[in-house]
Amino acid sequence: MRTRGAILLANIITGLALGFTVSNIGFGDYSELNRMFTFQDTRMLFSFAGAVGIIVCAFALLRIRRTPGRIHAGVVPGAVLFGTGWAISGGCPAIPIIQVAGGYLPALVTIVGVAVGIRLCRWANARYFHLDRGSCGL
């Protein structure tokens, strides 16, 4: 049986490896991201796929398994909104932190947008949608 400490350590190690890779291949640069999304430069796309592969291997080595379950109704629209926001702003929720650390202050707008979006999602879900929260933390 794995302890929480071992799982936390594995998450920290793989997270640091991913963060190092992400920052060194240009994921914090909007023009690089634009070239990736428009398939002008597949280098970052393959790097991203490689990072996913590393995580898959780490999970396999640690024998971390998720039981299959149903996909709740918010997954597809959430994925579309996430991808659209990433393409427009030049960053998923973590990338603007790299951009601000590199001196690109307009990324603060993206960070504020992420915070406002999380609040709006929680409000809309509680008031209108009542989607199963599952493990996504709505």
# chains A, B, ... in the order shown; residues from 1 in each chain; ligands from 1

$ select_by_dssp --residues "chain A" --states "alpha helix (DSSP H)" --output "PyMOL selection string"
chain A and resi 4-25+30-37+43-61+75-89+95-101+107-124

$ residues_around --residues "Asp29 of chain A" --least-positions-apart "6" --cutoff "10 Å" --atoms "only C-alpha atoms" --output "ChimeraX atom specification"
/A:23,90-91,95-96,98-99,102,104

$ write_last_selection --atoms "N, CA, C and O atoms" --output "compact mmCIF listing (two decimals), in the first residue's frame"
# COMPACT_ATOMS: atom_id res chain seq x y z
N SER A 23 9.10 25.21 -19.20
CA SER A 23 9.73 26.53 -19.25
C SER A 23 10.91 26.58 -20.21
O SER A 23 11.18 27.62 -20.81
N GLY A 90 -2.91 32.49 -24.59
CA GLY A 90 -1.53 32.03 -24.69
C GLY A 90 -1.07 31.28 -23.46
O GLY A 90 0.11 31.18 -23.20
N GLY A 91 -2.00 30.75 -22.70
CA GLY A 91 -1.58 29.98 -21.54
C GLY A 91 -2.69 29.28 -20.83
O GLY A 91 -3.78 29.82 -20.67
N ILE A 95 0.77 28.44 -17.22
CA ILE A 95 1.68 29.16 -18.11
C ILE A 95 1.77 30.65 -17.79
O ILE A 95 2.87 31.21 -17.83
N PRO A 96 0.68 31.35 -17.44
CA PRO A 96 0.82 32.77 -17.09
C PRO A 96 1.76 33.02 -15.91
O PRO A 96 2.39 34.07 -15.84
N ILE A 98 4.54 31.37 -15.44
CA ILE A 98 5.85 31.39 -16.10
C ILE A 98 6.05 32.71 -16.84
O ILE A 98 7.12 33.31 -16.79
N GLN A 99 4.99 33.19 -17.51
CA GLN A 99 5.09 34.43 -18.25
C GLN A 99 5.35 35.62 -17.33
O GLN A 99 6.19 36.47 -17.63
N GLY A 102 8.81 35.64 -16.14
CA GLY A 102 9.72 36.08 -17.19
C GLY A 102 9.58 37.55 -17.53
O GLY A 102 10.20 38.05 -18.46
N TYR A 104 6.64 39.16 -18.40
CA TYR A 104 5.52 39.47 -19.30
C TYR A 104 4.28 39.76 -18.45
O TYR A 104 3.48 38.88 -18.14

$ closest_residue --among "A:Ile88, A:Ile7, A:Gly113, A:Thr14" --to "Cys57 of chain A" --atoms "only C-alpha atoms"
A:Thr14

$ atom_distance --atom1 "atom CA of Phe20 of chain A" --atom2 "atom CA of Asn34 of chain A"
20.3 Å

$ residues_around --residues "Gly85 of chain A" --least-positions-apart "6" --cutoff "10 Å" --atoms "only C-alpha atoms" --output "list in words"
Ala79, Gly91, Cys92, Pro93, Thr110, Gly113 and Val114 of chain A

$ write_last_selection --atoms "all heavy atoms" --output "PDB file, in the first residue's frame"
ATOM      1  N   ALA A  79     -13.816  21.362 -21.564  1.00  0.00           N
ATOM      2  CA  ALA A  79     -12.623  21.179 -22.395  1.00  0.00           C
ATOM      3  C   ALA A  79     -12.591  22.190 -23.532  1.00  0.00           C
ATOM      4  O   ALA A  79     -11.539  22.740 -23.861  1.00  0.00           O
ATOM      5  CB  ALA A  79     -12.582  19.755 -22.942  1.00  0.00           C
ATOM      6  N   GLY A  91      -2.004  30.748 -22.702  1.00  0.00           N
ATOM      7  CA  GLY A  91      -1.577  29.982 -21.544  1.00  0.00           C
ATOM      8  C   GLY A  91      -2.694  29.277 -20.826  1.00  0.00           C
ATOM      9  O   GLY A  91      -3.776  29.815 -20.666  1.00  0.00           O
ATOM     10  N   CYS A  92      -2.415  28.063 -20.416  1.00  0.00           N
ATOM     11  CA  CYS A  92      -3.327  27.363 -19.518  1.00  0.00           C
ATOM     12  C   CYS A  92      -3.094  27.953 -18.123  1.00  0.00           C
ATOM     13  O   CYS A  92      -2.255  28.834 -17.964  1.00  0.00           O
ATOM     14  CB  CYS A  92      -3.068  25.861 -19.570  1.00  0.00           C
ATOM     15  SG  CYS A  92      -1.498  25.339 -18.865  1.00  0.00           S
ATOM     16  N   PRO A  93      -3.776  27.513 -17.095  1.00  0.00           N
ATOM     17  CA  PRO A  93      -3.638  28.175 -15.797  1.00  0.00           C
ATOM     18  C   PRO A  93      -2.218  28.290 -15.252  1.00  0.00           C
ATOM     19  O   PRO A  93      -1.921  29.212 -14.508  1.00  0.00           O
ATOM     20  CB  PRO A  93      -4.510  27.314 -14.878  1.00  0.00           C
ATOM     21  CG  PRO A  93      -5.580  26.812 -15.782  1.00  0.00           C
ATOM     22  CD  PRO A  93      -4.879  26.545 -17.090  1.00  0.00           C
ATOM     23  N   THR A 110      -4.538  37.234 -17.638  1.00  0.00           N
ATOM     24  CA  THR A 110      -4.928  35.833 -17.764  1.00  0.00           C
ATOM     25  C   THR A 110      -5.144  35.213 -16.392  1.00  0.00           C
ATOM     26  O   THR A 110      -6.111  34.476 -16.177  1.00  0.00           O
ATOM     27  CB  THR A 110      -3.868  35.037 -18.543  1.00  0.00           C
ATOM     28  OG1 THR A 110      -3.665  35.651 -19.811  1.00  0.00           O
ATOM     29  CG2 THR A 110      -4.285  33.603 -18.725  1.00  0.00           C
ATOM     30  N   GLY A 113      -8.327  36.371 -15.123  1.00  0.00           N
ATOM     31  CA  GLY A 113      -9.375  35.688 -15.873  1.00  0.00           C
ATOM     32  C   GLY A 113      -9.606  34.265 -15.385  1.00  0.00           C
ATOM     33  O   GLY A 113     -10.746  33.801 -15.297  1.00  0.00           O
ATOM     34  N   VAL A 114      -8.535  33.554 -15.046  1.00  0.00           N
ATOM     35  CA  VAL A 114      -8.668  32.197 -14.510  1.00  0.00           C
ATOM     36  C   VAL A 114      -9.417  32.237 -13.179  1.00  0.00           C
ATOM     37  O   VAL A 114     -10.343  31.448 -12.947  1.00  0.00           O
ATOM     38  CB  VAL A 114      -7.280  31.531 -14.343  1.00  0.00           C
ATOM     39  CG1 VAL A 114      -7.377  30.259 -13.520  1.00  0.00           C
ATOM     40  CG2 VAL A 114      -6.662  31.237 -15.695  1.00  0.00           C
TER      41      VAL A 114
END

$ residues_around --residues "Phe59 of chain A" --least-positions-apart "4" --cutoff "10 Å" --atoms "only C-alpha atoms" --output "PyMOL selection string"
chain A and resi 7+10-11+14+53-55+63-65

$ residues_around --residues "Cys121 of chain A" --least-positions-apart "3" --cutoff "12 Å" --atoms "only C-alpha atoms" --output "list in words"
Gly74, Pro77, Gly78, Leu81, Phe82, Gly113, Val114, Ala115, Val116, Gly117, Ile118, Ala124, Asn125, Ala126, Arg127, Tyr128, Phe129, His130, Leu131, Arg133, Cys136, Gly137 and Leu138 of chain A

$ write_last_selection --atoms "N, CA, C and O atoms" --output "mmCIF file, in the first residue's frame"
data_model
loop_
_atom_site.group_PDB
_atom_site.id
_atom_site.type_symbol
_atom_site.label_atom_id
_atom_site.label_comp_id
_atom_site.auth_asym_id
_atom_site.auth_seq_id
_atom_site.Cartn_x
_atom_site.Cartn_y
_atom_site.Cartn_z
ATOM 1 N N GLY A 74 -20.223 18.151 -17.738
ATOM 2 C CA GLY A 74 -19.419 19.353 -17.870
ATOM 3 C C GLY A 74 -18.073 19.147 -18.522
ATOM 4 O O GLY A 74 -17.369 20.117 -18.811
ATOM 5 N N PRO A 77 -17.999 20.598 -22.584
ATOM 6 C CA PRO A 77 -17.986 22.061 -22.680
ATOM 7 C C PRO A 77 -16.818 22.677 -21.910
ATOM 8 O O PRO A 77 -16.248 23.682 -22.345
ATOM 9 N N GLY A 78 -16.426 22.064 -20.806
ATOM 10 C CA GLY A 78 -15.277 22.576 -20.059
ATOM 11 C C GLY A 78 -13.992 22.467 -20.855
ATOM 12 O O GLY A 78 -13.160 23.382 -20.850
ATOM 13 N N LEU A 81 -14.043 25.197 -23.543
ATOM 14 C CA LEU A 81 -13.737 26.507 -22.949
ATOM 15 C C LEU A 81 -12.270 26.614 -22.568
ATOM 16 O O LEU A 81 -11.631 27.644 -22.779
ATOM 17 N N PHE A 82 -11.728 25.550 -21.989
ATOM 18 C CA PHE A 82 -10.324 25.541 -21.592
ATOM 19 C C PHE A 82 -9.428 25.734 -22.811
ATOM 20 O O PHE A 82 -8.519 26.577 -22.807
ATOM 21 N N GLY A 113 -8.327 36.371 -15.123
ATOM 22 C CA GLY A 113 -9.375 35.688 -15.873
ATOM 23 C C GLY A 113 -9.606 34.265 -15.385
ATOM 24 O O GLY A 113 -10.746 33.801 -15.297
ATOM 25 N N VAL A 114 -8.535 33.554 -15.046
ATOM 26 C CA VAL A 114 -8.668 32.197 -14.510
ATOM 27 C C VAL A 114 -9.417 32.237 -13.179
ATOM 28 O O VAL A 114 -10.343 31.448 -12.947
ATOM 29 N N ALA A 115 -9.036 33.167 -12.299
ATOM 30 C CA ALA A 115 -9.700 33.274 -10.997
ATOM 31 C C ALA A 115 -11.181 33.622 -11.159
ATOM 32 O O ALA A 115 -12.046 33.028 -10.502
ATOM 33 N N VAL A 116 -11.479 34.577 -12.029
ATOM 34 C CA VAL A 116 -12.877 34.958 -12.270
ATOM 35 C C VAL A 116 -13.641 33.791 -12.895
ATOM 36 O O VAL A 116 -14.780 33.503 -12.505
ATOM 37 N N GLY A 117 -13.017 33.088 -13.832
ATOM 38 C CA GLY A 117 -13.661 31.939 -14.466
ATOM 39 C C GLY A 117 -13.995 30.833 -13.478
ATOM 40 O O GLY A 117 -15.065 30.219 -13.551
ATOM 41 N N ILE A 118 -13.094 30.572 -12.534
ATOM 42 C CA ILE A 118 -13.363 29.558 -11.508
ATOM 43 C C ILE A 118 -14.557 29.970 -10.660
ATOM 44 O O ILE A 118 -15.460 29.172 -10.396
ATOM 45 N N ALA A 124 -22.278 29.370 -11.483
ATOM 46 C CA ALA A 124 -23.207 28.847 -12.488
ATOM 47 C C ALA A 124 -23.587 27.404 -12.197
ATOM 48 O O ALA A 124 -24.741 27.010 -12.368
ATOM 49 N N ASN A 125 -22.631 26.611 -11.722
ATOM 50 C CA ASN A 125 -22.937 25.214 -11.407
ATOM 51 C C ASN A 125 -23.910 25.125 -10.239
ATOM 52 O O ASN A 125 -24.862 24.352 -10.280
ATOM 53 N N ALA A 126 -23.686 25.927 -9.211
ATOM 54 C CA ALA A 126 -24.575 25.892 -8.044
ATOM 55 C C ALA A 126 -25.964 26.414 -8.377
ATOM 56 O O ALA A 126 -26.972 25.904 -7.876
ATOM 57 N N ARG A 127 -26.046 27.406 -9.230
ATOM 58 C CA ARG A 127 -27.333 28.025 -9.525
ATOM 59 C C ARG A 127 -28.110 27.339 -10.650
ATOM 60 O O ARG A 127 -29.326 27.200 -10.558
ATOM 61 N N TYR A 128 -27.413 26.910 -11.704
ATOM 62 C CA TYR A 128 -28.115 26.424 -12.887
ATOM 63 C C TYR A 128 -27.886 24.948 -13.227
ATOM 64 O O TYR A 128 -28.821 24.241 -13.563
ATOM 65 N N PHE A 129 -26.646 24.505 -13.202
ATOM 66 C CA PHE A 129 -26.318 23.213 -13.803
ATOM 67 C C PHE A 129 -26.397 22.038 -12.834
ATOM 68 O O PHE A 129 -26.801 20.964 -13.208
ATOM 69 N N HIS A 130 -25.932 22.218 -11.621
ATOM 70 C CA HIS A 130 -25.931 21.181 -10.602
ATOM 71 C C HIS A 130 -25.243 19.903 -11.084
ATOM 72 O O HIS A 130 -25.738 18.802 -10.889
ATOM 73 N N LEU A 131 -24.093 20.084 -11.753
ATOM 74 C CA LEU A 131 -23.333 18.938 -12.253
ATOM 75 C C LEU A 131 -22.659 18.235 -11.098
ATOM 76 O O LEU A 131 -22.253 18.852 -10.115
ATOM 77 N N ARG A 133 -19.923 17.027 -8.989
ATOM 78 C CA ARG A 133 -18.604 17.621 -8.826
ATOM 79 C C ARG A 133 -17.498 16.599 -9.038
ATOM 80 O O ARG A 133 -16.401 16.930 -9.418
ATOM 81 N N CYS A 136 -13.338 16.947 -9.888
ATOM 82 C CA CYS A 136 -12.819 18.132 -10.570
ATOM 83 C C CYS A 136 -12.833 19.363 -9.680
ATOM 84 O O CYS A 136 -12.287 20.388 -10.044
ATOM 85 N N GLY A 137 -13.456 19.316 -8.526
ATOM 86 C CA GLY A 137 -13.383 20.398 -7.569
ATOM 87 C C GLY A 137 -14.186 21.636 -7.928
ATOM 88 O O GLY A 137 -13.826 22.738 -7.559
ATOM 89 N N LEU A 138 -15.283 21.490 -8.655
ATOM 90 C CA LEU A 138 -16.095 22.664 -8.972
ATOM 91 C C LEU A 138 -16.504 23.348 -7.728
ATOM 92 O O LEU A 138 -17.166 23.408 -6.969
#

$ atom_distance --atom1 "atom CA of His72 of chain A" --atom2 "atom CA of Arg119 of chain A"
19.5 Å

$ atom_distance --atom1 "atom CA of Ser47 of chain A" --atom2 "atom CA of Tyr30 of chain A"
16.1 Å

$ closest_residue --among "A:Gly83, A:Gly28, A:Gly50, A:Gly69" --to "Ala107 of chain A" --atoms "only C-alpha atoms"
A:Gly28

$ closest_residue --among "A:Ile25, A:Ala87, A:Leu61, A:Ile97" --to "Thr38 of chain A" --atoms "only C-alpha atoms"
A:Ala87

$ decode --residues "segment 120-133 of chain A" --atoms "all heavy atoms" --output "JSON list (two decimals), in the first residue's frame"
[["chain", "number", "residue", "atom", "x", "y", "z"],
["A", 120, "LEU", "N", -17.00, 32.07, -11.51],
["A", 120, "LEU", "CA", -18.21, 32.00, -12.35],
["A", 120, "LEU", "C", -18.68, 30.57, -12.55],
["A", 120, "LEU", "O", -19.88, 30.29, -12.54],
["A", 120, "LEU", "CB", -17.96, 32.67, -13.70],
["A", 120, "LEU", "CG", -17.95, 34.19, -13.70],
["A", 120, "LEU", "CD1", -17.54, 34.71, -15.08],
["A", 120, "LEU", "CD2", -19.31, 34.75, -13.32],
["A", 121, "CYS", "N", -17.73, 29.66, -12.73],
["A", 121, "CYS", "CA", -18.08, 28.25, -12.91],
["A", 121, "CYS", "C", -18.76, 27.71, -11.66],
["A", 121, "CYS", "O", -19.79, 27.03, -11.75],
["A", 121, "CYS", "CB", -16.83, 27.44, -13.23],
["A", 121, "CYS", "SG", -17.14, 25.68, -13.44],
["A", 122, "ARG", "N", -18.20, 28.01, -10.50],
["A", 122, "ARG", "CA", -18.82, 27.54, -9.25],
["A", 122, "ARG", "C", -20.21, 28.13, -9.08],
["A", 122, "ARG", "O", -21.14, 27.44, -8.69],
["A", 122, "ARG", "CB", -17.93, 27.91, -8.06],
["A", 122, "ARG", "CG", -16.68, 27.08, -7.99],
["A", 122, "ARG", "CD", -15.83, 27.47, -6.82],
["A", 122, "ARG", "NE", -14.65, 26.60, -6.76],
["A", 122, "ARG", "CZ", -13.57, 26.88, -6.08],
["A", 122, "ARG", "NH1", -13.50, 27.98, -5.36],
["A", 122, "ARG", "NH2", -12.55, 26.05, -6.09],
["A", 123, "TRP", "N", -20.35, 29.41, -9.36],
["A", 123, "TRP", "CA", -21.65, 30.08, -9.23],
["A", 123, "TRP", "C", -22.67, 29.49, -10.20],
["A", 123, "TRP", "O", -23.79, 29.15, -9.81],
["A", 123, "TRP", "CB", -21.49, 31.59, -9.47],
["A", 123, "TRP", "CG", -22.78, 32.31, -9.52],
["A", 123, "TRP", "CD1", -23.53, 32.72, -8.45],
["A", 123, "TRP", "CD2", -23.50, 32.70, -10.69],
["A", 123, "TRP", "NE1", -24.67, 33.34, -8.89],
["A", 123, "TRP", "CE2", -24.68, 33.34, -10.26],
["A", 123, "TRP", "CE3", -23.27, 32.56, -12.05],
["A", 123, "TRP", "CZ2", -25.62, 33.85, -11.15],
["A", 123, "TRP", "CZ3", -24.19, 33.06, -12.94],
["A", 123, "TRP", "CH2", -25.35, 33.70, -12.49],
["A", 124, "ALA", "N", -22.28, 29.37, -11.48],
["A", 124, "ALA", "CA", -23.21, 28.85, -12.49],
["A", 124, "ALA", "C", -23.59, 27.40, -12.20],
["A", 124, "ALA", "O", -24.74, 27.01, -12.37],
["A", 124, "ALA", "CB", -22.59, 28.96, -13.88],
["A", 125, "ASN", "N", -22.63, 26.61, -11.72],
["A", 125, "ASN", "CA", -22.94, 25.21, -11.41],
["A", 125, "ASN", "C", -23.91, 25.13, -10.24],
["A", 125, "ASN", "O", -24.86, 24.35, -10.28],
["A", 125, "ASN", "CB", -21.67, 24.43, -11.10],
["A", 125, "ASN", "CG", -21.94, 22.95, -10.97],
["A", 125, "ASN", "OD1", -22.62, 22.37, -11.80],
["A", 125, "ASN", "ND2", -21.42, 22.36, -9.92],
["A", 126, "ALA", "N", -23.69, 25.93, -9.21],
["A", 126, "ALA", "CA", -24.58, 25.89, -8.04],
["A", 126, "ALA", "C", -25.96, 26.41, -8.38],
["A", 126, "ALA", "O", -26.97, 25.90, -7.88],
["A", 126, "ALA", "CB", -23.96, 26.71, -6.91],
["A", 127, "ARG", "N", -26.05, 27.41, -9.23],
["A", 127, "ARG", "CA", -27.33, 28.03, -9.53],
["A", 127, "ARG", "C", -28.11, 27.34, -10.65],
["A", 127, "ARG", "O", -29.33, 27.20, -10.56],
["A", 127, "ARG", "CB", -27.12, 29.49, -9.88],
["A", 127, "ARG", "CG", -28.41, 30.21, -10.13],
["A", 127, "ARG", "CD", -28.20, 31.69, -10.18],
["A", 127, "ARG", "NE", -29.49, 32.31, -10.46],
["A", 127, "ARG", "CZ", -30.00, 33.29, -9.77],
["A", 127, "ARG", "NH1", -29.33, 33.77, -8.75],
["A", 127, "ARG", "NH2", -31.14, 33.80, -10.09],
["A", 128, "TYR", "N", -27.41, 26.91, -11.70],
["A", 128, "TYR", "CA", -28.12, 26.42, -12.89],
["A", 128, "TYR", "C", -27.89, 24.95, -13.23],
["A", 128, "TYR", "O", -28.82, 24.24, -13.56],
["A", 128, "TYR", "CB", -27.72, 27.24, -14.13],
["A", 128, "TYR", "CG", -28.06, 28.70, -14.00],
["A", 128, "TYR", "CD1", -27.04, 29.65, -13.86],
["A", 128, "TYR", "CD2", -29.37, 29.15, -14.02],
["A", 128, "TYR", "CE1", -27.34, 31.00, -13.74],
["A", 128, "TYR", "CE2", -29.68, 30.49, -13.90],
["A", 128, "TYR", "CZ", -28.66, 31.41, -13.76],
["A", 128, "TYR", "OH", -28.95, 32.74, -13.65],
["A", 129, "PHE", "N", -26.65, 24.50, -13.20],
["A", 129, "PHE", "CA", -26.32, 23.21, -13.80],
["A", 129, "PHE", "C", -26.40, 22.04, -12.83],
["A", 129, "PHE", "O", -26.80, 20.96, -13.21],
["A", 129, "PHE", "CB", -24.94, 23.27, -14.46],
["A", 129, "PHE", "CG", -24.83, 24.36, -15.47],
["A", 129, "PHE", "CD1", -23.88, 25.36, -15.34],
["A", 129, "PHE", "CD2", -25.67, 24.40, -16.57],
["A", 129, "PHE", "CE1", -23.78, 26.37, -16.26],
["A", 129, "PHE", "CE2", -25.57, 25.41, -17.51],
["A", 129, "PHE", "CZ", -24.63, 26.40, -17.35],
["A", 130, "HIS", "N", -25.93, 22.22, -11.62],
["A", 130, "HIS", "CA", -25.93, 21.18, -10.60],
["A", 130, "HIS", "C", -25.24, 19.90, -11.08],
["A", 130, "HIS", "O", -25.74, 18.80, -10.89],
["A", 130, "HIS", "CB", -27.36, 20.87, -10.13],
["A", 130, "HIS", "CG", -28.13, 22.09, -9.75],
["A", 130, "HIS", "ND1", -27.84, 22.84, -8.64],
["A", 130, "HIS", "CD2", -29.17, 22.72, -10.38],
["A", 130, "HIS", "CE1", -28.66, 23.86, -8.58],
["A", 130, "HIS", "NE2", -29.47, 23.81, -9.63],
["A", 131, "LEU", "N", -24.09, 20.08, -11.75],
["A", 131, "LEU", "CA", -23.33, 18.94, -12.25],
["A", 131, "LEU", "C", -22.66, 18.23, -11.10],
["A", 131, "LEU", "O", -22.25, 18.85, -10.12],
["A", 131, "LEU", "CB", -22.29, 19.40, -13.27],
["A", 131, "LEU", "CG", -22.83, 20.04, -14.54],
["A", 131, "LEU", "CD1", -21.68, 20.62, -15.35],
["A", 131, "LEU", "CD2", -23.65, 19.07, -15.34],
["A", 132, "ASP", "N", -22.50, 16.94, -11.25],
["A", 132, "ASP", "CA", -21.77, 16.14, -10.27],
["A", 132, "ASP", "C", -20.34, 16.68, -10.18],
["A", 132, "ASP", "O", -19.65, 16.77, -11.19],
["A", 132, "ASP", "CB", -21.78, 14.68, -10.72],
["A", 132, "ASP", "CG", -20.97, 13.77, -9.81],
["A", 132, "ASP", "OD1", -20.68, 14.17, -8.67],
["A", 132, "ASP", "OD2", -20.65, 12.65, -10.23],
["A", 133, "ARG", "N", -19.92, 17.03, -8.99],
["A", 133, "ARG", "CA", -18.60, 17.62, -8.83],
["A", 133, "ARG", "C", -17.50, 16.60, -9.04],
["A", 133, "ARG", "O", -16.40, 16.93, -9.42],
["A", 133, "ARG", "CB", -18.47, 18.25, -7.45],
["A", 133, "ARG", "CG", -19.29, 19.51, -7.33],
["A", 133, "ARG", "CD", -19.35, 20.02, -5.94],
["A", 133, "ARG", "NE", -18.02, 20.09, -5.36],
["A", 133, "ARG", "CZ", -17.68, 20.92, -4.43],
["A", 133, "ARG", "NH1", -18.55, 21.78, -3.97],
["A", 133, "ARG", "NH2", -16.48, 20.92, -3.92]]
